file target-v2.pdb (PDB, C-alpha atoms and all ligand atoms)
ATOM      1  CA  MET A  37      51.285 114.752 129.998
ATOM      2  CA  SER A  38      52.988 111.676 128.549
ATOM      3  CA  ALA A  39      56.708 111.316 129.124
ATOM      4  CA  ILE A  40      57.196 109.334 125.919
ATOM      5  CA  GLU A  41      54.860 109.130 122.982
ATOM      6  CA  ALA A  42      55.177 107.405 119.625
ATOM      7  CA  SER A  43      52.718 108.171 116.832
ATOM      8  CA  ARG A  44      52.832 106.050 113.702
ATOM      9  CA  LEU A  45      56.552 105.817 114.358
ATOM     10  CA  SER A  46      58.319 104.004 111.522
ATOM     11  CA  LYS A  47      61.851 103.374 110.307
ATOM     12  CA  ARG A  48      62.620 101.900 106.935
ATOM     13  CA  TYR A  49      65.951 100.591 105.735
ATOM     14  CA  GLY A  50      65.781 100.207 101.977
ATOM     15  CA  ARG A  51      62.398  98.685 101.265
ATOM     16  CA  ARG A  52      62.153  96.922 104.599
ATOM     17  CA  PHE A  53      60.501  98.400 107.659
ATOM     18  CA  ALA A  54      62.564  97.814 110.813
ATOM     19  CA  VAL A  55      59.767  99.552 112.766
ATOM     20  CA  LYS A  56      56.279 100.131 111.441
ATOM     21  CA  ASP A  57      53.479 102.339 112.673
ATOM     22  CA  LEU A  58      54.183 102.144 116.382
ATOM     23  CA  ASN A  59      51.705 103.972 118.592
ATOM     24  CA  PHE A  60      52.052 104.152 122.357
ATOM     25  CA  LYS A  61      52.108 106.600 125.241
ATOM     26  CA  ILE A  62      54.065 106.198 128.456
ATOM     27  CA  GLY A  63      53.071 108.276 131.467
ATOM     28  CA  GLN A  64      55.531 109.970 133.813
ATOM     29  CA  GLY A  65      56.976 107.639 136.421
ATOM     30  CA  GLU A  66      55.890 104.471 134.600
ATOM     31  CA  ILE A  67      58.305 101.559 134.171
ATOM     32  CA  VAL A  68      57.497  99.800 130.927
ATOM     33  CA  GLY A  69      59.104  96.689 129.472
ATOM     34  CA  PHE A  70      59.833  96.602 125.757
ATOM     35  CA  LEU A  71      59.808  92.990 124.688
ATOM     36  CA  GLY A  72      60.478  91.216 121.446
ATOM     37  CA  PRO A  73      62.756  88.598 119.906
ATOM     38  CA  ASN A  74      66.084  89.446 118.261
ATOM     39  CA  GLY A  75      65.676  91.763 115.314
ATOM     40  CA  ALA A  76      62.132  92.813 116.301
ATOM     41  CA  GLY A  77      62.934  96.531 116.179
ATOM     42  CA  LYS A  78      63.524  97.393 119.854
ATOM     43  CA  THR A  79      66.911  99.066 119.428
ATOM     44  CA  THR A  80      65.721 100.958 116.344
ATOM     45  CA  THR A  81      62.726 102.295 118.295
ATOM     46  CA  LEU A  82      64.865 103.307 121.274
ATOM     47  CA  ARG A  83      67.365 105.021 118.992
ATOM     48  CA  MET A  84      64.554 107.051 117.417
ATOM     49  CA  LEU A  85      63.207 107.981 120.855
ATOM     50  CA  ALA A  86      66.698 109.044 121.936
ATOM     51  CA  GLY A  87      67.097 111.221 118.829
ATOM     52  CA  LEU A  88      70.028 109.140 117.528
ATOM     53  CA  ILE A  89      68.299 108.352 114.234
ATOM     54  CA  ARG A  90      65.420 110.034 112.431
ATOM     55  CA  PRO A  91      62.123 108.238 111.827
ATOM     56  CA  SER A  92      61.200 107.555 108.183
ATOM     57  CA  GLN A  93      57.579 108.341 109.058
ATOM     58  CA  GLY A  94      55.628 109.326 112.128
ATOM     59  CA  GLU A  95      57.048 111.054 115.161
ATOM     60  CA  CYS A  96      58.033 110.665 118.776
ATOM     61  CA  ARG A  97      57.459 113.116 121.569
ATOM     62  CA  ILE A  98      59.583 113.423 124.662
ATOM     63  CA  LEU A  99      57.926 115.300 127.534
ATOM     64  CA  ALA A 100      55.232 116.403 125.085
ATOM     65  CA  ARG A 101      57.687 118.043 122.638
ATOM     66  CA  PRO A 102      58.296 116.573 119.161
ATOM     67  CA  SER A 103      61.728 114.968 119.303
ATOM     68  CA  PRO A 104      64.547 115.795 118.730
ATOM     69  CA  SER A 105      64.324 118.889 120.912
ATOM     70  CA  LYS A 106      66.080 120.281 123.978
ATOM     71  CA  GLU A 107      63.928 117.899 126.060
ATOM     72  CA  LEU A 108      66.424 115.186 125.102
ATOM     73  CA  ARG A 109      68.689 116.681 127.784
ATOM     74  CA  GLU A 110      66.257 115.152 130.265
ATOM     75  CA  VAL A 111      66.850 111.678 128.851
ATOM     76  CA  GLY A 112      69.466 109.201 130.059
ATOM     77  CA  THR A 113      70.233 106.384 127.650
ATOM     78  CA  MET A 114      71.981 103.079 127.594
ATOM     79  CA  ILE A 115      71.509 101.862 124.074
ATOM     80  CA  GLU A 116      73.459  98.870 122.803
ATOM     81  CA  GLU A 117      76.685  98.156 124.615
ATOM     82  CA  PRO A 118      77.862 101.356 126.319
ATOM     83  CA  SER A 119      81.096 102.648 124.808
ATOM     84  CA  PHE A 120      83.787 104.344 126.870
ATOM     85  CA  TYR A 121      87.318 105.648 126.474
ATOM     86  CA  PRO A 122      89.315 102.529 127.429
ATOM     87  CA  TYR A 123      92.389 104.457 128.610
ATOM     88  CA  LEU A 124      90.413 106.630 130.994
ATOM     89  CA  THR A 125      89.264 105.376 134.366
ATOM     90  CA  GLY A 126      85.583 104.806 135.090
ATOM     91  CA  LYS A 127      85.485 108.074 136.984
ATOM     92  CA  GLY A 128      87.439 109.840 134.231
ATOM     93  CA  ASN A 129      84.837 108.704 131.696
ATOM     94  CA  LEU A 130      82.007 110.020 133.871
ATOM     95  CA  ASN A 131      83.844 113.323 134.365
ATOM     96  CA  TYR A 132      84.121 113.702 130.633
ATOM     97  CA  ALA A 133      80.451 112.813 130.018
ATOM     98  CA  ALA A 134      79.415 115.291 132.728
ATOM     99  CA  LYS A 135      81.439 118.055 131.067
ATOM    100  CA  LEU A 136      79.937 117.308 127.660
ATOM    101  CA  HIS A 137      76.405 117.437 129.024
ATOM    102  CA  GLY A 138      77.025 120.386 131.331
ATOM    103  CA  GLY A 139      75.218 121.320 134.517
ATOM    104  CA  VAL A 140      76.329 118.251 136.491
ATOM    105  CA  LYS A 141      77.644 118.820 140.037
ATOM    106  CA  VAL A 142      81.037 117.198 140.760
ATOM    107  CA  SER A 143      79.558 115.403 143.785
ATOM    108  CA  ARG A 144      77.010 113.712 141.517
ATOM    109  CA  ILE A 145      79.788 111.584 139.965
ATOM    110  CA  ASP A 146      80.615 109.844 143.258
ATOM    111  CA  GLU A 147      76.927 109.588 144.018
ATOM    112  CA  VAL A 148      76.111 107.629 140.833
ATOM    113  CA  LEU A 149      79.261 105.487 141.150
ATOM    114  CA  SER A 150      78.222 104.446 144.606
ATOM    115  CA  PHE A 151      74.638 103.904 143.457
ATOM    116  CA  VAL A 152      75.778 101.251 140.946
ATOM    117  CA  HIS A 153      78.266  99.758 143.458
ATOM    118  CA  MET A 154      81.300 100.843 141.448
ATOM    119  CA  GLU A 155      83.069 103.120 143.906
ATOM    120  CA  ASN A 156      85.935 100.643 144.413
ATOM    121  CA  ALA A 157      86.566 100.160 140.696
ATOM    122  CA  SER A 158      86.155 103.783 139.684
ATOM    123  CA  HIS A 159      89.929 104.444 139.565
ATOM    124  CA  LYS A 160      90.643 101.497 137.278
ATOM    125  CA  LYS A 161      90.961 102.018 133.557
ATOM    126  CA  VAL A 162      87.859 100.953 131.678
ATOM    127  CA  LYS A 163      89.907  98.640 129.424
ATOM    128  CA  ALA A 164      90.293  96.396 132.476
ATOM    129  CA  TYR A 165      86.548  96.299 133.195
ATOM    130  CA  SER A 166      84.418  93.189 132.748
ATOM    131  CA  GLN A 167      81.272  93.467 130.633
ATOM    132  CA  GLY A 168      79.174  93.617 133.794
ATOM    133  CA  MET A 169      81.288  96.517 135.125
ATOM    134  CA  ARG A 170      80.819  98.392 131.847
ATOM    135  CA  GLN A 171      77.074  97.871 132.106
ATOM    136  CA  ARG A 172      77.081  99.332 135.615
ATOM    137  CA  LEU A 173      79.194 102.270 134.499
ATOM    138  CA  GLY A 174      76.777 102.720 131.598
ATOM    139  CA  LEU A 175      73.875 103.036 134.023
ATOM    140  CA  ALA A 176      75.892 105.454 136.171
ATOM    141  CA  ARG A 177      76.541 107.607 133.114
ATOM    142  CA  ALA A 178      72.871 107.522 132.115
ATOM    143  CA  LEU A 179      71.967 108.791 135.592
ATOM    144  CA  LEU A 180      74.545 111.597 135.784
ATOM    145  CA  TRP A 181      72.220 114.503 134.969
ATOM    146  CA  LYS A 182      69.262 113.149 136.970
ATOM    147  CA  PRO A 183      67.238 112.352 133.873
ATOM    148  CA  LYS A 184      63.452 112.379 133.897
ATOM    149  CA  ILE A 185      63.432 109.531 131.374
ATOM    150  CA  LEU A 186      65.658 106.479 131.064
ATOM    151  CA  LEU A 187      65.847 104.511 127.818
ATOM    152  CA  LEU A 188      67.598 101.215 128.448
ATOM    153  CA  ASP A 189      68.377  98.667 125.754
ATOM    154  CA  GLU A 190      68.942  95.194 127.182
ATOM    155  CA  PRO A 191      70.880  96.724 130.088
ATOM    156  CA  THR A 192      71.396  93.485 131.963
ATOM    157  CA  ASN A 193      73.458  91.859 129.180
ATOM    158  CA  GLY A 194      76.620  90.486 130.717
ATOM    159  CA  LEU A 195      75.431  90.719 134.314
ATOM    160  CA  ASP A 196      75.353  87.667 136.541
ATOM    161  CA  PRO A 197      72.151  86.803 138.465
ATOM    162  CA  VAL A 198      73.238  88.864 141.500
ATOM    163  CA  GLY A 199      74.093  91.769 139.199
ATOM    164  CA  ILE A 200      70.694  91.484 137.481
ATOM    165  CA  ALA A 201      68.882  91.553 140.826
ATOM    166  CA  GLU A 202      70.938  94.581 141.981
ATOM    167  CA  PHE A 203      70.312  96.361 138.705
ATOM    168  CA  ARG A 204      66.572  95.725 139.014
ATOM    169  CA  GLU A 205      66.587  97.050 142.566
ATOM    170  CA  SER A 206      68.461 100.187 141.478
ATOM    171  CA  LEU A 207      65.901 100.895 138.765
ATOM    172  CA  ARG A 208      63.021 100.338 141.161
ATOM    173  CA  GLN A 209      64.610 102.776 143.592
ATOM    174  CA  ILE A 210      65.156 105.444 140.907
ATOM    175  CA  ALA A 211      61.565 105.142 139.706
ATOM    176  CA  LYS A 212      60.179 105.294 143.236
ATOM    177  CA  GLU A 213      62.341 108.050 144.691
ATOM    178  CA  GLU A 214      62.890 110.230 141.658
ATOM    179  CA  GLY A 215      59.766 109.455 139.609
ATOM    180  CA  VAL A 216      61.897 108.603 136.572
ATOM    181  CA  THR A 217      60.064 107.137 133.587
ATOM    182  CA  ILE A 218      61.806 103.991 132.377
ATOM    183  CA  LEU A 219      61.492 102.121 129.095
ATOM    184  CA  ILE A 220      63.591  98.982 129.262
ATOM    185  CA  SER A 221      64.014  96.474 126.463
ATOM    186  CA  SER A 222      64.703  92.792 126.695
ATOM    187  CA  HIS A 223      64.179  89.689 124.650
ATOM    188  CA  ILE A 224      63.732  87.665 127.831
ATOM    189  CA  LEU A 225      60.490  88.179 129.677
ATOM    190  CA  ALA A 226      61.742  86.609 132.907
ATOM    191  CA  GLU A 227      64.401  89.317 133.188
ATOM    192  CA  ILE A 228      61.946  92.174 133.416
ATOM    193  CA  GLU A 229      58.742  90.633 134.647
ATOM    194  CA  LYS A 230      59.705  91.338 138.255
ATOM    195  CA  LEU A 231      60.279  95.001 137.468
ATOM    196  CA  VAL A 232      57.523  96.151 135.143
ATOM    197  CA  SER A 233      53.772  95.865 135.225
ATOM    198  CA  ARG A 234      53.189  97.024 131.669
ATOM    199  CA  VAL A 235      54.804  95.691 128.517
ATOM    200  CA  LEU A 236      54.956  96.611 124.877
ATOM    201  CA  VAL A 237      55.571  93.527 122.751
ATOM    202  CA  ILE A 238      57.038  94.129 119.323
ATOM    203  CA  GLU A 239      57.610  91.634 116.554
ATOM    204  CA  ARG A 240      58.909  92.290 113.032
ATOM    205  CA  GLY A 241      58.682  96.001 113.726
ATOM    206  CA  GLU A 242      54.998  95.980 114.681
ATOM    207  CA  LEU A 243      53.370  96.311 118.066
ATOM    208  CA  LEU A 244      51.633  93.065 119.037
ATOM    209  CA  TYR A 245      50.606  93.932 122.558
ATOM    210  CA  ASP A 246      50.470  96.933 124.857
ATOM    211  CA  GLY A 247      49.104  96.341 128.291
ATOM    212  CA  ARG A 248      49.470  94.983 131.755
ATOM    213  CA  LEU A 249      51.583  91.871 132.121
ATOM    214  CA  ALA A 250      48.855  90.182 134.115
ATOM    215  CA  ASP A 251      46.380  90.757 131.271
ATOM    216  CA  LEU A 252      48.742  89.183 128.775
ATOM    217  CA  THR A 253      48.167  85.778 130.340
ATOM    218  CA  ARG A 254      44.467  86.500 130.802
ATOM    219  CA  GLN A 255      44.012  87.602 127.214
ATOM    220  CA  LEU A 256      45.795  84.571 125.884
ATOM    221  CA  GLY A 257      44.639  82.411 128.738
ATOM    222  CA  ASP A 258      41.561  81.268 126.874
ATOM    223  CA  LYS A 259      43.437  78.044 126.229
ATOM    224  CA  THR A 260      44.366  75.652 129.005
ATOM    225  CA  SER A 261      46.811  72.791 128.700
ATOM    226  CA  TYR A 262      46.116  69.350 130.121
ATOM    227  CA  ARG A 263      48.581  66.530 130.673
ATOM    228  CA  LEU A 264      46.844  63.257 130.040
ATOM    229  CA  LEU A 265      47.688  59.642 130.716
ATOM    230  CA  ALA A 266      45.397  56.888 129.396
ATOM    231  CA  THR A 267      45.643  53.109 129.447
ATOM    232  CA  ASP A 268      46.255  53.321 125.698
ATOM    233  CA  GLN A 269      48.182  56.520 124.851
ATOM    234  CA  GLY A 270      48.241  55.630 121.126
ATOM    235  CA  ALA A 271      44.439  55.457 121.005
ATOM    236  CA  LEU A 272      44.152  58.706 122.966
ATOM    237  CA  GLU A 273      46.521  60.482 120.586
ATOM    238  CA  LYS A 274      44.478  59.270 117.603
ATOM    239  CA  VAL A 275      41.159  60.366 119.122
ATOM    240  CA  LEU A 276      42.533  63.794 119.958
ATOM    241  CA  SER A 277      43.943  64.243 116.499
ATOM    242  CA  ASP A 278      40.632  63.066 114.898
ATOM    243  CA  LEU A 279      38.794  65.619 117.026
ATOM    244  CA  GLY A 280      41.155  68.355 115.797
ATOM    245  CA  PHE A 281      42.986  69.013 119.092
ATOM    246  CA  ARG A 282      46.615  70.077 119.155
ATOM    247  CA  ALA A 283      48.181  67.177 121.045
ATOM    248  CA  GLU A 284      51.810  66.448 121.743
ATOM    249  CA  LEU A 285      53.401  63.305 123.170
ATOM    250  CA  LEU A 286      55.903  64.420 125.825
ATOM    251  CA  ASN A 287      59.151  62.623 126.686
ATOM    252  CA  SER A 288      57.593  61.804 130.042
ATOM    253  CA  GLY A 289      54.991  59.670 128.234
ATOM    254  CA  TYR A 290      52.138  62.096 128.943
ATOM    255  CA  ILE A 291      50.115  63.690 126.192
ATOM    256  CA  LYS A 292      49.810  67.449 126.355
ATOM    257  CA  VAL A 293      46.725  68.931 124.800
ATOM    258  CA  GLU A 294      45.466  72.522 124.495
ATOM    259  CA  VAL A 295      41.806  73.099 125.168
ATOM    260  CA  SER A 296      39.849  76.319 124.701
ATOM    261  CA  SER A 297      37.137  77.441 127.108
ATOM    262  CA  GLU A 298      34.312  76.107 124.891
ATOM    263  CA  GLN A 299      35.929  72.664 124.806
ATOM    264  CA  LYS A 300      36.202  72.279 128.577
ATOM    265  CA  GLY A 301      33.765  69.340 128.661
ATOM    266  CA  PHE A 302      35.950  67.257 126.398
ATOM    267  CA  LEU A 303      37.484  65.148 129.177
ATOM    268  CA  SER A 304      34.166  63.544 130.101
ATOM    269  CA  GLY A 305      33.517  62.951 126.409
ATOM    270  CA  LEU A 306      36.648  60.817 126.089
ATOM    271  CA  ALA A 307      35.102  57.971 128.085
ATOM    272  CA  HIS A 308      32.274  57.760 125.527
ATOM    273  CA  VAL A 309      34.742  56.982 122.776
ATOM    274  CA  GLY A 310      36.399  54.230 124.806
ATOM    275  CA  ILE A 311      39.343  56.114 126.275
ATOM    276  CA  ASP A 312      40.197  55.052 129.781
ATOM    277  CA  LEU A 313      41.956  58.013 131.457
ATOM    278  CA  ILE A 314      44.303  57.275 134.350
ATOM    279  CA  GLU A 315      45.350  60.849 134.971
ATOM    280  CA  ALA A 316      44.424  64.323 133.786
ATOM    281  CA  SER A 317      46.140  67.363 135.252
ATOM    282  CA  ARG A 318      45.614  70.972 134.297
ATOM    283  CA  GLU A 319      48.558  73.255 133.697
ATOM    284  CA  SER A 320      48.093  76.952 134.051
ATOM    285  CA  GLU A 321      50.041  78.874 131.499
ATOM    286  CA  SER A 322      53.115  80.768 132.610
ATOM    287  CA  LEU A 323      53.689  84.326 131.570
ATOM    288  CA  GLU A 324      56.648  83.180 129.500
ATOM    289  CA  GLY A 325      54.357  80.671 127.775
ATOM    290  CA  ALA A 326      51.806  83.382 127.026
ATOM    291  CA  TYR A 327      54.526  85.624 125.621
ATOM    292  CA  LEU A 328      55.909  82.873 123.404
ATOM    293  CA  ARG A 329      52.424  81.990 122.231
ATOM    294  CA  LEU A 330      51.735  85.622 121.380
ATOM    295  CA  LEU A 331      54.769  85.555 119.111
ATOM    296  CA  LYS A 332      53.831  82.130 117.714
ATOM    297  CA  GLU A 333      50.270  83.194 116.925
ATOM    298  CA  ASP A 334      51.735  85.991 114.871
ATOM    299  CA  GLY A 335      52.924  83.248 112.555
ATOM    300  CA  ARG A 336      56.568  83.247 113.562
ATOM    301  CA  PRO A 337      58.097  79.947 114.617
ATOM    302  CA  VAL A 338      59.793  80.371 117.984
TER     303      VAL A 338
HETATM  304  P1  LIG B 401      68.054  92.569 119.252
HETATM  305  O1  LIG B 401      67.221  92.018 120.373
HETATM  306  O2  LIG B 401      68.753  91.503 118.464
HETATM  307  O3  LIG B 401      68.945  93.706 119.660
HETATM  308  P2  LIG B 401      66.143  94.470 118.126
HETATM  309  O4  LIG B 401      64.750  94.132 118.481
HETATM  310  O5  LIG B 401      66.819  95.531 118.893
HETATM  311  O6  LIG B 401      67.011  93.145 118.131
HETATM  312  P3  LIG B 401      66.826  96.065 115.818
HETATM  313  O7  LIG B 401      68.294  96.107 116.116
HETATM  314  O8  LIG B 401      66.033  97.281 116.046
HETATM  315  O9  LIG B 401      66.133  94.842 116.584
HETATM  316  O10 LIG B 401      66.673  95.631 114.289
HETATM  317  C1  LIG B 401      65.405  95.558 113.634
HETATM  318  C2  LIG B 401      65.619  95.199 112.176
HETATM  319  O11 LIG B 401      66.195  96.312 111.500
HETATM  320  C3  LIG B 401      66.567  94.034 111.965
HETATM  321  O12 LIG B 401      66.072  93.257 110.886
HETATM  322  C4  LIG B 401      67.870  94.697 111.597
HETATM  323  O13 LIG B 401      68.613  93.858 110.759
HETATM  324  C5  LIG B 401      67.390  95.942 110.844
HETATM  325  N1  LIG B 401      68.343  97.058 110.989
HETATM  326  C6  LIG B 401      68.688  97.699 112.137
HETATM  327  N2  LIG B 401      69.574  98.693 111.904
HETATM  328  C7  LIG B 401      69.798  98.688 110.556
HETATM  329  C8  LIG B 401      70.614  99.477 109.679
HETATM  330  N3  LIG B 401      71.380 100.473 110.123
HETATM  331  N4  LIG B 401      70.587  99.167 108.357
HETATM  332  C9  LIG B 401      69.819  98.173 107.874
HETATM  333  N5  LIG B 401      69.012  97.387 108.651
HETATM  334  C10 LIG B 401      69.005  97.641 109.956
END
call {"tool": "encode", "arguments": {"input": "target-v2.pdb", "output": "structure tokens"}}
result
Amino acid sequence: MSAIEASRLSKRYGRRFAVKDLNFKIGQGEIVGFLGPNGAGKTTTLRMLAGLIRPSQGECRILARPSPSKELREVGTMIEEPSFYPYLTGKGNLNYAAKLHGGVKVSRIDEVLSFVHMENASHKKVKAYSQGMRQRLGLARALLWKPKILLLDEPTNGLDPVGIAEFRESLRQIAKEEGVTILISSHILAEIEKLVSRVLVIERGELLYDGRLADLTRQLGDKTSYRLLATDQGALEKVLSDLGFRAELLNSGYIKVEVSSEQKGFLSGLAHVGIDLIEASRESESLEGAYLRLLKEDGRPV
């Protein structure tokens, strides 16, 4: 049984689709990254999954039931910046959320506060919290009723690098010990690549990629970049451009060129057209590079 499922899920505002025809299934206990640039449709998708807004077309299922349904009680969310009552303390806010949801043991409140390292600040009013403290309290609130599913929208906004690492560790622990399914959005790959092995990449409301992170580089890894230095860089640039390669003169003086697998023999060919190479080094593409290229190949300048 899938924990989360989207079938032809779409949301239209006016004539414009914010999310269009999304199809994916997330199994129980999976941690999946939801990646895409600003305005891609991540928040809109998460809000539909959380039952906060209705899809224009298609449907989502939570724990195999068409959503919204009572299964949403099994979902913990942190969508957009978490909002709290500023004049209540952190603990007071959690108390209130626990009452609204129902079925939360009193001891659970201290448990989640300690889990997000907020026990010392829990008696301060939320109006005095930093953004990072609100984010932590937001995660604590999302965990109150031991959810089976966590929907997190850019949850590390406002956290410093130590906070981000702690947050990541907390999520890993929840997934491992409690088998919670986590869908976590970000527009920065580096932030979630250490946490997830599968990603959904969305752009302009449409799904561009659904798969393992490692395969993202492999799938796009058909092209390799070389950094070249020749005795005459001008002549090299001209030859490359005449041959139809995408070449770029870097500030360092090197020329960077992208070569596909069928063009691998091109380096030896350069000597035949009078290019005297001093240096040629291969660069393997980073995951971030692959991600950016995926977005670029969709026609969007990044
Ligand atoms: P970010 O990373 O900036 O949070 P996102 O991927 O979460 O972006 P969404 O907030 O889902 O993107 O927005 C997707 C598109 O839908 C955007 O073009 C946005 O302007 C539009 N949109 C979102 N909510 C509404 C709304 N209530 N009314 C009209 N348009 C909306």
call {"tool": "residues_near_ligand", "arguments": {"input": "target-v2.pdb", "ligand": "ligand LIG 401 (chain B)", "cutoff": "7 Å", "atoms": "all atoms listed in the file", "output": "JSON, numbers by chain"}}
result
{"A": [49, 54, 55, 72, 73, 74, 75, 76, 77, 78, 79, 80, 81, 222, 223, 241]}
call {"tool": "closest_residue", "arguments": {"input": "target-v2.pdb", "among": "A:Ser43, A:Asn59, A:Thr113, A:Ser233", "to": "Glu95 in chain A", "atoms": "only C-alpha atoms"}}
result
A:Ser43
call {"tool": "atom_distance", "arguments": {"input": "target-v2.pdb", "atom1": "CA of Lys292 in chain A", "atom2": "CA of Arg263 in chain A"}}
result
4.6 Å
call {"tool": "resolve_selection", "arguments": {"input": "target-v2.pdb", "expression": "the PyMOL selection byres (((chain A and resi 37) around 12) and not hetatm)", "output": "number ranges by chain"}}
result
A: 38-41, 61-65, 97-101
call {"tool": "residues_around", "arguments": {"input": "target-v2.pdb", "residues": "Gly126 in chain A", "least_positions_apart": "6", "cutoff": "7 Å", "atoms": "only C-alpha atoms", "output": "ChimeraX atom specification"}}
result
/A:158-162,173
call {"tool": "atom_distance", "arguments": {"input": "target-v2.pdb", "atom1": "CA of Ile185 in chain A", "atom2": "CA of Val111 in chain A"}}
result
4.8 Å
call {"tool": "resolve_selection", "arguments": {"input": "target-v2.pdb", "expression": "the PyMOL selection byres (((chain A and resi 285-289) around 12) and not hetatm)", "output": "compact mmCIF listing (two decimals) with C-alpha atoms, in the frame of the given file"}}
result
# COMPACT_ATOMS: atom_id res chain seq x y z
CA TYR A 262 46.12 69.35 130.12
CA ARG A 263 48.58 66.53 130.67
CA LEU A 264 46.84 63.26 130.04
CA LEU A 265 47.69 59.64 130.72
CA ALA A 266 45.40 56.89 129.40
CA THR A 267 45.64 53.11 129.45
CA ASP A 268 46.26 53.32 125.70
CA GLN A 269 48.18 56.52 124.85
CA GLY A 270 48.24 55.63 121.13
CA LEU A 272 44.15 58.71 122.97
CA GLU A 273 46.52 60.48 120.59
CA LYS A 274 44.48 59.27 117.60
CA LEU A 276 42.53 63.79 119.96
CA SER A 277 43.94 64.24 116.50
CA ARG A 282 46.62 70.08 119.16
CA ALA A 283 48.18 67.18 121.04
CA GLU A 284 51.81 66.45 121.74
CA TYR A 290 52.14 62.10 128.94
CA ILE A 291 50.12 63.69 126.19
CA LYS A 292 49.81 67.45 126.36
CA VAL A 293 46.72 68.93 124.80
CA GLU A 315 45.35 60.85 134.97
call {"tool": "resolve_selection", "arguments": {"input": "target-v2.pdb", "expression": "the PyMOL selection byres (((chain A and resi 216) around 9) and not hetatm)", "output": "PyMOL selection string"}}
result
chain A and resi 64-67+182-186+207+210-215+217-218
call {"tool": "atom_distance", "arguments": {"input": "target-v2.pdb", "atom1": "CA of Leu219 in chain A", "atom2": "CA of Ala176 in chain A"}}
result
16.4 Å
call {"tool": "residues_around", "arguments": {"input": "target-v2.pdb", "residues": "Pro118 in chain A", "least_positions_apart": "6", "cutoff": "10 Å", "atoms": "only C-alpha atoms", "output": "PyMOL selection string"}}
result
chain A and resi 167+170-175+177-178+189+191
call {"tool": "residues_around", "arguments": {"input": "target-v2.pdb", "residues": "range 306-308 of chain A", "least_positions_apart": "3", "cutoff": "10 Å", "atoms": "all atoms listed in the file", "output": "ChimeraX atom specification"}}
result
/A:272,275-276,301-303,311-313
call {"tool": "closest_residue", "arguments": {"input": "target-v2.pdb", "among": "A:Glu294, A:Glu242, A:Asp278, A:Glu227", "to": "Leu45 in chain A", "atoms": "only C-alpha atoms"}}
result
A:Glu242
call {"tool": "closest_residue", "arguments": {"input": "target-v2.pdb", "among": "A:Asp57, A:Arg234, A:Gly305, A:Ser317", "to": "Asp246 in chain A", "atoms": "all atoms listed in the file"}}
result
A:Arg234
call {"tool": "closest_residue", "arguments": {"input": "target-v2.pdb", "among": "A:Gly325, A:Ser46, A:Leu136, A:Leu187", "to": "Ala86 in chain A", "atoms": "all atoms listed in the file"}}
result
A:Leu187
call {"tool": "closest_residue", "arguments": {"input": "target-v2.pdb", "among": "A:Leu179, A:Val235, A:Leu71, A:Cys96", "to": "Arg109 in chain A", "atoms": "only C-alpha atoms"}}
result
A:Leu179
call {"tool": "decode", "arguments": {"input": "target-v2.pdb", "residues": "range 125-133 of chain A", "atoms": "N, CA, C and O atoms", "output": "PDB file, in the first residue's frame"}}
result
ATOM      1  N   THR A 125       3.419  30.531  25.108  1.00  0.00           N
ATOM      2  CA  THR A 125       4.767  29.963  25.077  1.00  0.00           C
ATOM      3  C   THR A 125       4.804  28.848  24.026  1.00  0.00           C
ATOM      4  O   THR A 125       3.763  28.426  23.517  1.00  0.00           O
ATOM      5  N   GLY A 126       6.021  28.358  23.760  1.00  0.00           N
ATOM      6  CA  GLY A 126       6.159  27.247  22.821  1.00  0.00           C
ATOM      7  C   GLY A 126       5.341  26.056  23.297  1.00  0.00           C
ATOM      8  O   GLY A 126       4.576  25.455  22.541  1.00  0.00           O
ATOM      9  N   LYS A 127       5.479  25.775  24.596  1.00  0.00           N
ATOM     10  CA  LYS A 127       4.768  24.633  25.169  1.00  0.00           C
ATOM     11  C   LYS A 127       3.258  24.870  25.148  1.00  0.00           C
ATOM     12  O   LYS A 127       2.481  23.951  24.855  1.00  0.00           O
ATOM     13  N   GLY A 128       2.868  26.124  25.436  1.00  0.00           N
ATOM     14  CA  GLY A 128       1.445  26.481  25.412  1.00  0.00           C
ATOM     15  C   GLY A 128       0.858  26.246  24.024  1.00  0.00           C
ATOM     16  O   GLY A 128      -0.258  25.727  23.885  1.00  0.00           O
ATOM     17  N   ASN A 129       1.621  26.615  22.982  1.00  0.00           N
ATOM     18  CA  ASN A 129       1.151  26.391  21.619  1.00  0.00           C
ATOM     19  C   ASN A 129       0.977  24.904  21.333  1.00  0.00           C
ATOM     20  O   ASN A 129       0.003  24.494  20.700  1.00  0.00           O
ATOM     21  N   LEU A 130       1.932  24.089  21.811  1.00  0.00           N
ATOM     22  CA  LEU A 130       1.832  22.649  21.561  1.00  0.00           C
ATOM     23  C   LEU A 130       0.652  22.045  22.325  1.00  0.00           C
ATOM     24  O   LEU A 130      -0.059  21.182  21.820  1.00  0.00           O
ATOM     25  N   ASN A 131       0.444  22.538  23.555  1.00  0.00           N
ATOM     26  CA  ASN A 131      -0.703  22.085  24.351  1.00  0.00           C
ATOM     27  C   ASN A 131      -1.999  22.308  23.602  1.00  0.00           C
ATOM     28  O   ASN A 131      -2.862  21.441  23.538  1.00  0.00           O
ATOM     29  N   TYR A 132      -2.091  23.509  23.026  1.00  0.00           N
ATOM     30  CA  TYR A 132      -3.307  23.887  22.319  1.00  0.00           C
ATOM     31  C   TYR A 132      -3.495  23.001  21.074  1.00  0.00           C
ATOM     32  O   TYR A 132      -4.594  22.476  20.830  1.00  0.00           O
ATOM     33  N   ALA A 133      -2.397  22.816  20.315  1.00  0.00           N
ATOM     34  CA  ALA A 133      -2.481  21.981  19.106  1.00  0.00           C
ATOM     35  C   ALA A 133      -2.874  20.547  19.473  1.00  0.00           C
ATOM     36  O   ALA A 133      -3.656  19.904  18.771  1.00  0.00           O
TER      37      ALA A 133
END
